[in-house]
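Next up, run06.txt (compact mmCIF, C-alpha atoms):
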# COMPACT_ATOMS: atom_id res chain seq x y z
CA MET A 899 -15.12 15.43 -18.80
CA ARG A 900 -13.80 14.36 -15.40
CA GLN A 901 -16.47 13.41 -12.91
CA PHE A 902 -16.04 13.50 -9.15
CA VAL A 903 -18.78 11.92 -7.06
CA ILE A 904 -18.76 13.50 -3.61
CA LYS A 905 -19.18 11.25 -0.60
CA PRO A 906 -19.24 13.83 2.21
CA LEU A 907 -16.33 13.48 4.65
CA VAL A 908 -15.21 10.28 2.87
CA SER A 909 -14.07 10.96 -0.70
CA VAL A 910 -14.08 13.18 -3.76
CA GLY A 911 -14.12 10.88 -6.76
CA ASP A 912 -11.23 8.46 -6.34
CA ILE A 913 -9.49 10.69 -3.81
CA GLU A 914 -10.22 9.50 -0.28
CA PHE A 915 -9.64 11.66 2.76
CA GLY A 916 -6.73 10.16 4.66
CA MET A 917 -5.12 8.86 1.46
CA ASP A 918 -1.41 9.59 1.23
CA ARG A 919 0.09 12.22 -1.06
CA ARG A 920 1.67 9.71 -3.43
CA GLU A 921 -1.70 8.06 -4.14
CA ALA A 922 -3.41 11.42 -4.71
CA ARG A 923 -0.70 12.40 -7.19
CA GLU A 924 -1.09 9.09 -9.06
CA ILE A 925 -4.81 9.78 -9.48
CA LEU A 926 -4.69 13.52 -10.27
CA GLY A 927 -1.48 13.62 -12.31
CA GLU A 928 1.20 16.24 -12.62
CA CYS A 929 1.31 18.94 -9.96
CA GLU A 930 3.33 21.74 -8.47
CA GLU A 931 4.15 21.44 -4.78
CA TYR A 932 4.05 24.71 -2.85
CA ARG A 933 3.69 26.20 0.62
CA ASN A 934 0.35 27.99 0.90
CA ARG A 935 1.35 30.16 3.88
CA PRO A 936 4.73 30.48 5.59
CA GLU A 937 3.30 29.15 8.85
CA ASP A 938 1.87 25.98 7.24
CA VAL A 939 3.37 22.80 8.61
CA ASN A 940 3.16 20.98 5.28
CA THR A 941 3.14 21.81 1.58
CA ALA A 942 0.14 21.49 -0.75
CA ASP A 943 -0.14 20.28 -4.35
CA SER A 944 -1.57 22.41 -7.16
CA PHE A 945 -3.09 20.36 -9.99
CA ASP A 946 -4.74 21.70 -13.16
CA ILE A 947 -8.26 21.65 -11.66
CA CYS A 948 -7.72 21.62 -7.92
CA GLN A 949 -5.41 22.07 -4.99
CA VAL A 950 -4.89 19.34 -2.41
CA PHE A 951 -3.82 20.07 1.15
CA TYR A 952 -2.29 17.48 3.44
CA SER A 953 -1.95 16.81 7.15
CA GLU A 954 1.44 16.78 8.90
CA SER A 955 1.65 13.08 8.02
CA ASP A 956 0.99 13.71 4.28
CA LYS A 957 -2.64 12.53 4.33
CA VAL A 958 -5.31 14.24 2.19
CA GLU A 959 -7.55 16.45 4.31
CA PHE A 960 -8.76 19.24 2.00
CA ILE A 961 -9.44 19.55 -1.75
CA MET A 962 -10.27 22.89 -3.37
CA PHE A 963 -11.57 22.94 -6.94
CA HIS A 964 -10.70 26.19 -8.68
CA GLU A 965 -11.29 25.10 -12.29
CA LEU A 966 -15.02 24.40 -12.44
CA ASP A 967 -15.40 24.13 -16.23
CA GLY A 968 -14.86 20.74 -17.83
CA ILE A 969 -15.53 18.75 -14.66
CA GLU A 970 -18.55 17.43 -12.82
CA LEU A 971 -18.80 17.69 -9.04
CA ARG A 972 -21.74 15.43 -8.21
CA TRP A 973 -23.41 15.42 -4.80
CA GLY A 974 -26.15 12.83 -5.18
CA ASP A 975 -28.11 13.88 -8.25
CA GLN A 976 -26.93 17.52 -8.04
CA MET A 977 -24.07 18.85 -10.16
CA LEU A 978 -22.61 21.45 -7.80
CA ASN A 979 -20.37 23.27 -10.25
CA GLU A 980 -23.35 24.15 -12.45
CA MET A 981 -25.26 25.75 -9.59
CA THR A 982 -25.39 29.48 -8.83
CA LYS A 983 -24.47 31.02 -5.50
CA ASP A 984 -28.12 31.10 -4.41
CA GLU A 985 -28.75 27.53 -5.59
CA LEU A 986 -25.72 26.23 -3.68
CA PHE A 987 -26.74 28.06 -0.52
CA SER A 988 -30.34 26.79 -0.82
CA PHE A 989 -29.11 23.24 -1.41
CA PHE A 990 -26.74 23.09 1.58
CA THR A 991 -28.70 25.12 4.16
CA PRO A 992 -31.25 22.37 4.95
CA LEU A 993 -28.42 19.80 5.20
CA ASP A 994 -26.58 21.78 7.90
CA GLU A 995 -28.48 24.26 10.05
CA SER A 996 -25.18 25.51 11.50
CA LEU A 997 -23.75 26.51 8.12
CA SER A 998 -21.20 29.29 8.67
CA VAL A 999 -21.63 32.31 6.38
CA GLU A 1000 -19.11 35.10 5.77
CA ASP A 1001 -20.38 38.43 4.46
CA ASP A 1002 -18.43 41.32 2.99
CA VAL A 1003 -18.73 44.89 4.28
CA GLU A 1004 -21.78 45.46 2.08
CA GLY A 1005 -23.58 42.47 3.62
CA ASP A 1006 -23.26 40.21 0.57
CA MET A 1007 -22.37 36.58 1.20
CA VAL A 1008 -18.83 35.84 0.00
CA SER A 1009 -18.53 32.29 1.32
CA PHE A 1010 -20.10 29.58 3.38
CA GLU A 1011 -18.72 26.46 4.97
CA SER A 1012 -20.03 23.42 6.75
CA ASN A 1013 -17.85 21.50 9.18
CA ALA A 1014 -20.55 18.85 9.48
CA LEU A 1015 -20.65 18.22 5.70
CA GLY A 1016 -17.04 19.06 4.88
CA VAL A 1017 -17.94 21.54 2.14
CA ALA A 1018 -17.19 25.21 1.50
CA CYS A 1019 -18.00 27.56 -1.37
CA TYR A 1020 -16.38 30.90 -2.16
CA PHE A 1021 -17.93 33.55 -4.41
CA VAL A 1022 -16.55 36.59 -6.22
CA LYS A 1023 -18.02 39.49 -8.13
CA ASP A 1024 -17.16 39.66 -11.81
CA ILE A 1025 -17.99 41.92 -14.73
CA ASP A 1026 -19.39 41.04 -18.13
CA TYR A 1027 -20.82 43.12 -20.96
CA ASP A 1028 -24.17 42.91 -22.74
CA GLU A 1029 -24.75 43.29 -26.48
CA ASP A 1030 -24.76 47.10 -26.12
CA ASP A 1031 -21.40 47.00 -24.32
CA ASN A 1032 -23.01 47.93 -20.99
CA GLU A 1033 -21.16 46.65 -17.95
CA ILE A 1034 -23.00 43.97 -15.96
CA GLU A 1035 -21.80 42.97 -12.51
CA PHE A 1036 -22.57 39.43 -11.39
CA GLU A 1037 -21.51 36.94 -8.76
CA LYS A 1038 -19.92 33.64 -9.64
CA VAL A 1039 -18.72 30.57 -7.84
CA GLU A 1040 -14.94 30.85 -7.53
CA THR A 1041 -14.13 27.64 -5.63
CA ILE A 1042 -15.86 24.61 -4.18
CA SER A 1043 -13.95 22.75 -1.49
CA PHE A 1044 -14.30 19.49 0.37
CA ALA A 1045 -12.61 18.47 3.60
CA VAL A 1046 -12.45 16.12 6.53
CA GLU A 1047 -14.96 16.68 9.29
CA ASN A 1048 -14.39 19.83 11.38
CA PHE A 1049 -11.63 21.07 9.07
CA TRP A 1050 -12.72 24.68 9.64
CA ALA A 1051 -13.40 24.29 13.38
Go ahead and render the structure in this file as structure tokens.
Amino acid sequence: MRQFVIKPLVSVGDIEFGMDRREAREILGECEEYRNRPEDVNTADSFDICQVFYSESDKVEFIMFHELDGIELRWGDQMLNEMTKDELFSFFTPLDESLSVEDDVEGDMVSFESNALGVACYFVKDIDYDEDDNEIEFEKVETISFAVENFWA
């Protein structure tokens, strides 16, 4: 189990914001380099558990965890990747009163982000089935991201 201790705006495990691409690759291992959007100035790296985005000068500025099983994302004594959407929102709201929330057309929260804390969470609806094969819709945490201060500003 890989553990990443979050130091807001400073580091995610051994990956420090401002670290160069080569160092991040040495820590995280094999990756695929890609361009996220055609207008992006720089490429990003896709690793087995996360994606790392870099500044124009190849410095780490954003890490998005998309594989939340088999890892630990620790913020103090809280393990973020084991929290529900509501638990995450309740945990971060008192830490940043200006938390930015995005709702879908039905008024359900689909994401929130904090420039002050350098954290963002994205949620999706999924479907499971109970023992009687009845469809159950639920929300799950899709990604948890960490970034330099004011990344989303």
Q.
Would you pick out the contacts of Tyr1020 in chain A at 7 Å or less, using only C-alpha atoms, so that residues sharing its chain but fewer than 6 positions from it are not included, and give the list as a VMD selection string?
A. chain A and resid 1008 to 1010 1039 to 1042
Keeping C-alpha atoms, export the residues of the selection given above as a PDB file, in the frame of the given file.
ATOM      1  CA  VAL A1008     -18.830  35.840   0.000  1.00  0.00           C
ATOM      2  CA  SER A1009     -18.530  32.290   1.320  1.00  0.00           C
ATOM      3  CA  PHE A1010     -20.100  29.580   3.380  1.00  0.00           C
ATOM      4  CA  VAL A1039     -18.720  30.570  -7.840  1.00  0.00           C
ATOM      5  CA  GLU A1040     -14.940  30.850  -7.530  1.00  0.00           C
ATOM      6  CA  THR A1041     -14.130  27.640  -5.630  1.00  0.00           C
ATOM      7  CA  ILE A1042     -15.860  24.610  -4.180  1.00  0.00           C
TER       8      ILE A1042
END
Q: Just give me the gap between CA of Glu921 in chain A and CA of Arg972 in chain A in Å, one decimal is fine.
A: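 These two atoms are separated by 21.7 Å.
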Just the residues within 7 Å of Glu931 in chain A, please, counting only C-alpha atoms, with nothing from its chain fewer than 4 positions along; format it as an mmCIF file with C-alpha atoms, keeping the file's coordinate frame.
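Below you can see selection.cif, which holds the result:
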data_model
loop_
_atom_site.group_PDB
_atom_site.id
_atom_site.type_symbol
_atom_site.label_atom_id
_atom_site.label_comp_id
_atom_site.auth_asym_id
_atom_site.auth_seq_id
_atom_site.Cartn_x
_atom_site.Cartn_y
_atom_site.Cartn_z
ATOM 1 C CA THR A 941 3.140 21.810 1.580
ATOM 2 C CA ALA A 942 0.140 21.490 -0.750
ATOM 3 C CA ASP A 943 -0.140 20.280 -4.350
ATOM 4 C CA SER A 944 -1.570 22.410 -7.160
#
Q.
With all atoms listed in the file as the counted atoms, please give the residues lying no more than 7 Å from Arg919 in chain A, apart from itself and same-chain residues fewer than 5 positions off, as JSON, numbers by chain.
A. {"A": [956, 957, 958]}
Q.
One decimal, in Å: what's the spacing between CA of Lys1023 in chain A and CA of Ile969 in chain A?
A.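 Going from CA of Lys1023 in chain A over to CA of Ile969 in chain A, I get 21.9 Å.
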Where atoms are absent from range 995-1006 of chain A, fill them in so it carries N, CA, C and O atoms, then output it as a PDB file, keeping the file's coordinate frame.
ATOM      1  N   GLU A 995     -27.884  23.042   9.485  1.00  0.00           N
ATOM      2  CA  GLU A 995     -28.480  24.260  10.050  1.00  0.00           C
ATOM      3  C   GLU A 995     -27.439  25.177  10.677  1.00  0.00           C
ATOM      4  O   GLU A 995     -27.724  26.333  10.944  1.00  0.00           O
ATOM      5  N   SER A 996     -26.221  24.669  10.903  1.00  0.00           N
ATOM      6  CA  SER A 996     -25.180  25.510  11.500  1.00  0.00           C
ATOM      7  C   SER A 996     -24.153  25.962  10.452  1.00  0.00           C
ATOM      8  O   SER A 996     -23.012  26.262  10.778  1.00  0.00           O
ATOM      9  N   LEU A 997     -24.590  26.023   9.208  1.00  0.00           N
ATOM     10  CA  LEU A 997     -23.750  26.510   8.120  1.00  0.00           C
ATOM     11  C   LEU A 997     -23.167  27.869   8.490  1.00  0.00           C
ATOM     12  O   LEU A 997     -23.883  28.748   8.942  1.00  0.00           O
ATOM     13  N   SER A 998     -21.872  28.036   8.331  1.00  0.00           N
ATOM     14  CA  SER A 998     -21.200  29.290   8.670  1.00  0.00           C
ATOM     15  C   SER A 998     -21.111  30.157   7.415  1.00  0.00           C
ATOM     16  O   SER A 998     -20.608  29.714   6.386  1.00  0.00           O
ATOM     17  N   VAL A 999     -21.595  31.394   7.512  1.00  0.00           N
ATOM     18  CA  VAL A 999     -21.630  32.310   6.380  1.00  0.00           C
ATOM     19  C   VAL A 999     -20.733  33.510   6.669  1.00  0.00           C
ATOM     20  O   VAL A 999     -20.758  34.066   7.761  1.00  0.00           O
ATOM     21  N   GLU A1000     -19.937  33.901   5.661  1.00  0.00           N
ATOM     22  CA  GLU A1000     -19.110  35.100   5.770  1.00  0.00           C
ATOM     23  C   GLU A1000     -19.638  36.128   4.786  1.00  0.00           C
ATOM     24  O   GLU A1000     -19.801  35.845   3.599  1.00  0.00           O
ATOM     25  N   ASP A1001     -19.903  37.320   5.288  1.00  0.00           N
ATOM     26  CA  ASP A1001     -20.380  38.430   4.460  1.00  0.00           C
ATOM     27  C   ASP A1001     -19.284  39.458   4.285  1.00  0.00           C
ATOM     28  O   ASP A1001     -18.403  39.593   5.135  1.00  0.00           O
ATOM     29  N   ASP A1002     -19.367  40.214   3.179  1.00  0.00           N
ATOM     30  CA  ASP A1002     -18.430  41.320   2.990  1.00  0.00           C
ATOM     31  C   ASP A1002     -18.986  42.565   3.698  1.00  0.00           C
ATOM     32  O   ASP A1002     -20.042  42.511   4.342  1.00  0.00           O
ATOM     33  N   VAL A1003     -18.312  43.672   3.578  1.00  0.00           N
ATOM     34  CA  VAL A1003     -18.730  44.890   4.280  1.00  0.00           C
ATOM     35  C   VAL A1003     -20.086  45.410   3.806  1.00  0.00           C
ATOM     36  O   VAL A1003     -20.759  46.135   4.531  1.00  0.00           O
ATOM     37  N   GLU A1004     -20.489  45.025   2.611  1.00  0.00           N
ATOM     38  CA  GLU A1004     -21.780  45.460   2.080  1.00  0.00           C
ATOM     39  C   GLU A1004     -22.904  44.506   2.468  1.00  0.00           C
ATOM     40  O   GLU A1004     -24.058  44.712   2.117  1.00  0.00           O
ATOM     41  N   GLY A1005     -22.570  43.428   3.186  1.00  0.00           N
ATOM     42  CA  GLY A1005     -23.580  42.470   3.620  1.00  0.00           C
ATOM     43  C   GLY A1005     -23.867  41.370   2.627  1.00  0.00           C
ATOM     44  O   GLY A1005     -24.802  40.600   2.816  1.00  0.00           O
ATOM     45  N   ASP A1006     -23.085  41.278   1.556  1.00  0.00           N
ATOM     46  CA  ASP A1006     -23.260  40.210   0.570  1.00  0.00           C
ATOM     47  C   ASP A1006     -22.471  38.979   1.011  1.00  0.00           C
ATOM     48  O   ASP A1006     -21.323  39.092   1.449  1.00  0.00           O
TER      49      ASP A1006
END
